[in-house]
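**Q** Supplied structure: run24.cif, mmCIF, C-alpha atoms.
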data_entry
loop_
_atom_site.label_atom_id
_atom_site.label_comp_id
_atom_site.auth_asym_id
_atom_site.auth_seq_id
_atom_site.Cartn_x
_atom_site.Cartn_y
_atom_site.Cartn_z
CA MET A 1 37.99 -7.27 14.36
CA ALA A 2 36.31 -4.95 16.89
CA VAL A 3 36.18 -2.18 14.28
CA GLU A 4 34.59 -4.60 11.79
CA ALA A 5 31.97 -5.68 14.34
CA LEU A 6 31.18 -2.04 15.15
CA ALA A 7 30.76 -1.28 11.45
CA ILE A 8 28.31 -4.19 11.08
CA VAL A 9 26.29 -2.96 14.07
CA GLU A 10 26.28 0.59 12.72
CA ASP A 11 25.08 -0.65 9.31
CA ALA A 12 22.28 -2.63 10.96
CA VAL A 13 21.18 0.41 13.00
CA LYS A 14 21.31 2.65 9.95
CA LYS A 15 19.27 0.15 7.93
CA SER A 16 16.64 -0.21 10.63
CA LEU A 17 16.35 3.58 10.98
CA ALA A 18 16.02 3.89 7.21
CA ASP A 19 13.24 1.29 7.29
CA VAL A 20 11.45 3.15 10.07
CA ALA A 21 11.81 6.45 8.21
CA TYR A 22 10.54 4.83 5.01
CA GLU A 23 7.45 3.36 6.65
CA ARG A 24 6.53 6.51 8.56
CA ILE A 25 6.99 8.88 5.61
CA ARG A 26 5.23 6.40 3.30
CA ASP A 27 2.21 6.28 5.62
CA ARG A 28 2.03 10.08 5.69
CA LEU A 29 2.11 10.13 1.91
CA LEU A 30 -0.55 7.43 1.58
CA MET A 31 -2.89 9.07 4.09
CA LEU A 32 -2.30 12.45 2.40
CA ASP A 33 -0.93 13.95 5.61
CA ILE A 34 1.79 14.96 3.17
CA LYS A 35 -0.32 16.27 0.32
CA PRO A 36 0.38 15.72 -3.40
CA GLY A 37 2.80 18.39 -4.58
CA ASP A 38 4.14 19.19 -1.09
CA LEU A 39 7.87 19.81 -0.69
CA LEU A 40 9.61 17.27 1.56
CA ASN A 41 12.44 18.87 3.50
CA ASP A 42 14.82 16.20 4.80
CA ASP A 43 15.97 18.40 7.71
CA HIS A 44 12.41 18.96 8.91
CA LEU A 45 11.49 15.31 8.42
CA ALA A 46 14.57 14.15 10.33
CA LYS A 47 13.76 16.41 13.29
CA ASP A 48 10.11 15.39 13.22
CA LEU A 49 11.01 11.68 13.17
CA GLY A 50 13.73 12.09 15.80
CA MET A 51 16.56 10.75 13.67
CA GLY A 52 19.43 11.90 11.47
CA ARG A 53 19.21 13.04 7.86
CA THR A 54 20.93 9.95 6.42
CA PRO A 55 18.11 7.43 7.05
CA VAL A 56 15.57 10.02 5.86
CA ARG A 57 17.47 10.53 2.62
CA GLU A 58 17.69 6.77 2.11
CA ALA A 59 13.95 6.52 2.72
CA LEU A 60 13.22 9.25 0.18
CA LYS A 61 15.27 7.38 -2.44
CA ARG A 62 13.13 4.27 -1.88
CA LEU A 63 9.95 6.32 -2.01
CA GLU A 64 11.03 7.76 -5.34
CA LEU A 65 11.32 4.21 -6.71
CA ASP A 66 7.77 3.66 -5.41
CA ARG A 67 6.64 6.76 -7.37
CA LEU A 68 5.42 8.37 -4.17
CA VAL A 69 7.94 11.22 -4.36
CA VAL A 70 9.90 12.84 -7.16
CA SER A 71 13.20 14.73 -6.95
CA TYR A 72 14.32 17.62 -9.12
CA PRO A 73 17.89 18.94 -9.21
CA ARG A 74 18.25 22.23 -7.28
CA ARG A 75 14.50 22.24 -6.51
CA GLY A 76 14.11 19.46 -3.99
CA THR A 77 11.91 16.42 -3.39
CA PHE A 78 8.13 16.62 -3.72
CA ALA A 79 5.20 14.29 -3.06
CA THR A 80 4.01 13.12 -6.47
CA ARG A 81 0.76 14.59 -7.68
CA VAL A 82 -2.33 12.41 -8.05
CA GLU A 83 -3.89 12.77 -11.49
CA VAL A 84 -7.21 11.31 -12.64
CA THR A 85 -5.38 9.52 -15.46
CA ASP A 86 -3.36 7.67 -12.82
CA LEU A 87 -6.50 5.81 -11.78
CA ALA A 88 -6.92 4.20 -15.22
CA PHE A 89 -3.23 3.30 -15.50
CA ILE A 90 -3.04 1.82 -12.00
CA SER A 91 -6.32 -0.10 -12.41
CA GLU A 92 -5.16 -1.50 -15.76
CA ILE A 93 -2.13 -3.06 -14.07
CA ARG A 94 -3.96 -4.20 -10.95
CA THR A 95 -6.77 -5.78 -13.00
CA GLN A 96 -4.15 -8.10 -14.50
CA LEU A 97 -1.96 -8.75 -11.48
CA GLU A 98 -4.41 -8.92 -8.54
CA PRO A 99 -6.25 -11.96 -10.04
CA LEU A 100 -2.87 -13.60 -10.72
CA ALA A 101 -1.82 -13.14 -7.08
CA ALA A 102 -5.19 -14.33 -5.73
CA SER A 103 -5.31 -17.47 -7.89
CA ARG A 104 -1.68 -18.28 -7.16
CA ALA A 105 -2.26 -17.79 -3.42
CA ALA A 106 -5.25 -20.14 -3.58
CA ARG A 107 -3.00 -22.73 -5.24
CA VAL A 108 0.27 -22.49 -3.30
CA ALA A 109 -0.44 -20.89 0.08
CA THR A 110 1.02 -22.76 3.02
CA GLU A 111 -1.13 -23.66 6.00
CA ARG A 112 0.64 -20.89 7.95
CA HIS A 113 -0.42 -18.34 5.33
CA ARG A 114 -3.99 -19.71 5.24
CA GLU A 115 -4.20 -19.44 9.02
CA HIS A 116 -3.01 -15.84 8.81
CA LEU A 117 -5.69 -15.10 6.21
CA ARG A 118 -8.31 -16.71 8.48
CA ALA A 119 -7.25 -14.29 11.23
CA VAL A 120 -7.53 -11.36 8.82
CA MET A 121 -10.94 -12.66 7.76
CA ARG A 122 -12.14 -12.64 11.37
CA ASP A 123 -10.96 -9.05 11.73
CA VAL A 124 -12.85 -8.04 8.58
CA GLU A 125 -16.01 -9.76 9.86
CA SER A 126 -15.93 -7.80 13.12
CA PHE A 127 -14.77 -4.49 11.59
CA ASP A 128 -17.11 -1.53 12.11
CA THR A 129 -16.54 0.92 9.26
CA HIS A 130 -18.75 3.53 10.92
CA ALA A 131 -16.74 3.60 14.15
CA ALA A 132 -13.30 3.11 12.57
CA SER A 133 -10.95 5.90 11.60
CA VAL A 134 -9.67 6.35 8.05
CA VAL A 135 -6.26 5.05 9.09
CA GLU A 136 -7.78 1.91 10.66
CA THR A 137 -9.86 1.25 7.54
CA LEU A 138 -6.92 1.64 5.20
CA ARG A 139 -4.68 -0.52 7.36
CA LEU A 140 -7.23 -3.32 7.33
CA ASP A 141 -7.52 -3.05 3.55
CA ALA A 142 -3.73 -3.24 3.29
CA ARG A 143 -3.65 -6.32 5.56
CA VAL A 144 -6.08 -8.14 3.28
CA HIS A 145 -4.21 -7.40 0.09
CA GLN A 146 -0.71 -7.82 1.46
CA GLY A 147 -1.72 -11.08 3.15
CA ILE A 148 -2.81 -12.44 -0.22
CA TYR A 149 0.34 -11.15 -1.93
CA ALA A 150 2.52 -12.89 0.67
CA ALA A 151 0.51 -16.12 0.35
CA ALA A 152 1.13 -16.09 -3.42
CA ALA A 153 4.82 -16.75 -2.61
CA ASN A 154 6.24 -14.76 -5.52
CA PRO A 155 8.40 -11.95 -4.08
CA HIS A 156 8.61 -10.10 -7.40
CA LEU A 157 4.85 -10.10 -7.86
CA GLU A 158 4.41 -9.11 -4.21
CA ASP A 159 6.78 -6.16 -4.58
CA VAL A 160 5.02 -4.81 -7.67
CA LEU A 161 1.55 -5.20 -6.21
CA ILE A 162 2.43 -3.50 -2.92
CA ARG A 163 3.68 -0.50 -4.89
CA TYR A 164 0.54 -0.24 -6.97
CA ASP A 165 -1.72 -0.89 -4.00
CA ASN A 166 0.00 2.05 -2.27
CA LEU A 167 -0.66 4.28 -5.27
CA ALA A 168 -4.29 3.18 -5.32
CA THR A 169 -4.56 3.94 -1.60
CA ARG A 170 -3.56 7.57 -2.19
CA ILE A 171 -6.36 7.92 -4.73
CA TRP A 172 -8.80 6.21 -2.36
CA CYS A 173 -7.87 8.69 0.40
CA MET A 174 -8.82 11.58 -1.87
CA VAL A 175 -12.44 10.39 -2.12
CA LEU A 176 -12.93 8.31 1.02
CA ASP A 177 -15.37 10.78 2.57
CA ARG A 178 -17.46 10.71 -0.62
CA LEU A 179 -17.80 6.94 -0.97
CA PRO A 180 -21.42 5.99 -0.21
CA ASP A 181 -20.94 2.37 0.81
CA LEU A 182 -17.55 1.90 2.41
CA SER A 183 -18.83 -1.02 4.47
CA ARG A 184 -19.63 -3.01 1.32
CA HIS A 185 -16.15 -2.36 -0.10
CA VAL A 186 -14.48 -3.55 3.11
CA HIS A 187 -16.66 -6.60 3.69
CA GLU A 188 -16.52 -7.86 0.11
CA HIS A 189 -13.00 -8.94 1.05
CA LEU A 190 -14.62 -11.81 2.93
CA ASP A 191 -15.54 -13.77 -0.21
CA LEU A 192 -12.10 -13.14 -1.69
CA LEU A 193 -10.30 -14.32 1.43
CA GLY A 194 -12.60 -17.34 1.65
CA ALA A 195 -11.84 -18.36 -1.94
CA VAL A 196 -8.08 -18.11 -1.35
CA ILE A 197 -8.27 -20.05 1.92
CA ASP A 198 -10.43 -22.76 0.27
CA GLY A 199 -8.01 -23.08 -2.65
CA ASP A 200 -10.55 -22.05 -5.31
CA GLU A 201 -8.23 -20.48 -7.89
CA ALA A 202 -10.85 -19.48 -10.46
CA LEU A 203 -13.18 -17.87 -7.94
CA ALA A 204 -10.31 -16.07 -6.20
CA ALA A 205 -9.18 -14.61 -9.53
CA ASP A 206 -12.71 -13.51 -10.48
CA LEU A 207 -13.34 -11.87 -7.12
CA ALA A 208 -9.99 -10.06 -7.17
CA ARG A 209 -10.72 -8.72 -10.66
CA SER A 210 -14.20 -7.62 -9.62
CA HIS A 211 -12.82 -5.92 -6.51
CA VAL A 212 -10.34 -3.82 -8.51
CA SER A 213 -12.99 -2.90 -11.10
CA GLY A 214 -15.43 -1.96 -8.35
CA PHE A 215 -12.79 0.22 -6.71
CA GLU A 216 -12.18 2.10 -9.96
CA ASP A 217 -15.90 2.57 -10.61
CA ALA A 218 -16.53 3.85 -7.07
CA VAL A 219 -13.66 6.33 -7.24
CA ARG A 220 -14.75 7.61 -10.66
CA LYS A 221 -18.29 8.20 -9.41
CA ALA A 222 -16.94 10.03 -6.35
CA LEU A 223 -14.65 12.20 -8.48
CA PHE A 224 -17.19 13.17 -11.12
CA THR A 225 -20.44 13.54 -9.17
#
Could you render the structure from this file as structure tokens?

**A**
Amino acid sequence: MAVEALAIVEDAVKKSLADVAYERIRDRLLMLDIKPGDLLNDDHLAKDLGMGRTPVREALKRLELDRLVVSYPRRGTFATRVEVTDLAFISEIRTQLEPLAASRAARVATERHREHLRAVMRDVESFDTHAASVVETLRLDARVHQGIYAAAANPHLEDVLIRYDNLATRIWCMVLDRLPDLSRHVHEHLDLLGAVIDGDEALAADLARSHVSGFEDAVRKALFT
């Protein structure tokens, strides 16, 4: 019985370490601290993160499912490259699913979720894009979107959208210093959050669709001008 209990504890520790490794490596990939095409060495990552190789390897497997890394036999694991064509493919999916999540959140969100979105809304209102770091800006953007995904109360939809939002974030990081009006992009979340909180399904869907389209247009202009 003691051996069984120890095994359960060990599994829990291993899982939590794998989660930590996943989140920390994912953030480095999203912020382009690990650049597209870079080789990810599990030994180096394990030492850098202060943990063993097993949780790092488990994290890399999850990141491959997220299309953030790709593994090749006898060559190793690499950060996936970011291609211009990815923008169109990702936007095509998000243009369909972001409005679905926003309208569903407006319809089914619990009061707890709406209160959380009100808190996020207050943070957006007071956010200073000029003083904030890139990491702070991207984390706020993620809080908005992931708050809406959670409020939509569909775990399958939430999982898919988080993955594609992560891929979009990598593209955004490539051009962030070339975007002329970052403040407008951040603060246009206010209307979207307001529509979800107020339960206006149609408006929430329209604003979510417009937000994704605006993101694609801004990135294209930054890439080709």

**Q** Expressed in Å to a single decimal, how great is the separation between atom CA of A:Leu179 and atom CA of A:Arg67?

**A** 25.3 Å

**Q** Can you measure atom CA of A:Leu190 to atom CA of A:Gly147 for me? One decimal in Å is fine.

**A** 12.9 Å

**Q** By how many Å are atom CA of A:Thr54 and atom CA of A:Gly37 apart?

**A**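 For atom CA of A:Thr54 relative to atom CA of A:Gly37, the distance reads 22.8 Å.
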
**Q** On this structure, which residues satisfy the PyMOL selection byres ((chain A and resi 55) around 10), written as a PDB file with C-alpha atoms, in the coordinates of the input?

**A**
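For reference, selection.pdb as written:
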ATOM      1  CA  VAL A  13      21.180   0.410  13.000  1.00  0.00           C
ATOM      2  CA  LYS A  14      21.310   2.650   9.950  1.00  0.00           C
ATOM      3  CA  LYS A  15      19.270   0.150   7.930  1.00  0.00           C
ATOM      4  CA  SER A  16      16.640  -0.210  10.630  1.00  0.00           C
ATOM      5  CA  LEU A  17      16.350   3.580  10.980  1.00  0.00           C
ATOM      6  CA  ALA A  18      16.020   3.890   7.210  1.00  0.00           C
ATOM      7  CA  ASP A  19      13.240   1.290   7.290  1.00  0.00           C
ATOM      8  CA  VAL A  20      11.450   3.150  10.070  1.00  0.00           C
ATOM      9  CA  ALA A  21      11.810   6.450   8.210  1.00  0.00           C
ATOM     10  CA  TYR A  22      10.540   4.830   5.010  1.00  0.00           C
ATOM     11  CA  ASP A  42      14.820  16.200   4.800  1.00  0.00           C
ATOM     12  CA  ALA A  46      14.570  14.150  10.330  1.00  0.00           C
ATOM     13  CA  MET A  51      16.560  10.750  13.670  1.00  0.00           C
ATOM     14  CA  GLY A  52      19.430  11.900  11.470  1.00  0.00           C
ATOM     15  CA  ARG A  53      19.210  13.040   7.860  1.00  0.00           C
ATOM     16  CA  THR A  54      20.930   9.950   6.420  1.00  0.00           C
ATOM     17  CA  VAL A  56      15.570  10.020   5.860  1.00  0.00           C
ATOM     18  CA  ARG A  57      17.470  10.530   2.620  1.00  0.00           C
ATOM     19  CA  GLU A  58      17.690   6.770   2.110  1.00  0.00           C
ATOM     20  CA  ALA A  59      13.950   6.520   2.720  1.00  0.00           C
ATOM     21  CA  LEU A  60      13.220   9.250   0.180  1.00  0.00           C
ATOM     22  CA  LYS A  61      15.270   7.380  -2.440  1.00  0.00           C
TER      23      LYS A  61
END

**Q** On this file, the PyMOL selection byres ((chain A and resi 206-222) around 6) gives some set of residues; write that set as a ChimeraX atom specification.

**A** /A:95,98-99,178,192,203-205,223-225

**Q** Kindly resolve the PyMOL selection byres ((chain A and resi 148) around 8) on the present coordinates and return the residues as a list in words.

**A**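 The output of the PyMOL selection byres ((chain A and resi 148) around 8) on this file is Ala101, Ala102, Ala105, Leu117, Val144, His145, Gln146, Gly147, Tyr149, Ala150, Ala151, Ala152, Leu193 and Val196 of chain A.
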
**Q** Please provide as a ChimeraX atom specification all residues within 6 Å of A:Thr80, with the sequence filter that same-chain residues fewer than 6 positions apart are discarded (counting all atoms listed in the file).

**A** /A:36-37,68-70

**Q** When you count all atoms listed in the file, which of these residues is closest to A:Arg81: A:Glu158, A:Asp177, A:Asp198, A:Asp38?

**A** A:Asp38

**Q** Using only C-alpha atoms, which residue out of A:Ile25, A:Ala132, A:Leu140, A:Leu161 lies closest to A:Asp48?

**A**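 Nearest to A:Asp48: A:Ile25.
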
**Q** With only C-alpha atoms as the basis for distance, which of A:Arg26, A:His44, A:Arg139, A:His130 is at the shortest distance from A:Leu65?

**A**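 Once distances to A:Leu65 are computed over only C-alpha atoms, the minimum belongs to A:Arg26.
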
**Q** Box for stretch 78-97 of chain A: with edges along x, y and z, all listed atoms inside and 6 Å added on each side, what are the centre and edge lengths in Å to one decimal, as JSON?

**A**
{"center_x": 0.5, "center_y": 3.9, "center_z": -9.4, "size_x": 27.3, "size_y": 37.4, "size_z": 24.7}

**Q** Which one of A:Asp165, A:Val186, A:Arg24, A:Ala195 sits closest to A:Leu97 if you count only C-alpha atoms?

**A** A:Asp165

**Q** Measuring atom to atom with only C-alpha atoms, identify which of A:Val124, A:Ile197, A:Ile162, A:Leu30 is nearest to A:His185.

**A**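 Among A:Val124, A:Ile197, A:Ile162, A:Leu30, it is A:Val124 that comes nearest to A:His185.
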
**Q** Which one of A:Glu115, A:Arg107, A:Val134, A:Gly76 sits closest to A:Asp200 if you count all atoms listed in the file?

**A**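 The shortest atom-to-atom distance to A:Asp200 comes from A:Arg107.
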